[in-house]
Amino acid sequence: MLRSAERKPVRRTKAEGPPPRGRTKKVSLTVDEGVLRAMEQEAKRSKRTLSAEVTAALARELRRRRLQGLVAEYEEEKGAISAKELAAIQAEWLA
């Protein structure tokens, strides 16, 4: 059983800022034109470079996949998270 009191939720109240600066590497990628246009528009809207926008999107995807893995491990060990438990946790996060 999932107990929300056992978790320390991370709350984000503002849009994520740019990813931390670190070592970078220039790469060449093939990207769907529609996705590229959307990323360019988002970069312009957020006043960030396309590289910063793509880096942030990739970092979010990696975090999402790690979280999915953690949830899968938890559910394998403890059983599926019920809708009631999920609703309680979401309510706590939004509080």
# chains A, B, ... in the order shown; residues from 1 in each chain; ligands from 1
>>> residues_around(residues="range 53-55 of chain A", least_positions_apart="4", cutoff="7 Å", atoms="only C-alpha atoms", output="PDB file with C-alpha atoms, in the first residue's frame")
ATOM      1  CA  MET A  39      10.461  23.230 -30.231  1.00  0.00           C
ATOM      2  CA  ALA A  43      12.277  28.236 -27.442  1.00  0.00           C
ATOM      3  CA  ARG A  48      15.776  30.297 -24.671  1.00  0.00           C
ATOM      4  CA  THR A  49      17.988  28.813 -27.327  1.00  0.00           C
ATOM      5  CA  ALA A  59      16.225  15.845 -19.291  1.00  0.00           C
TER       6      ALA A  59
END
>>> atom_distance(atom1="CA of Ser51 in chain A", atom2="CA of Leu29 in chain A")
11.6 Å
>>> atom_distance(atom1="CA of Leu94 in chain A", atom2="CA of Gln68 in chain A")
20.3 Å
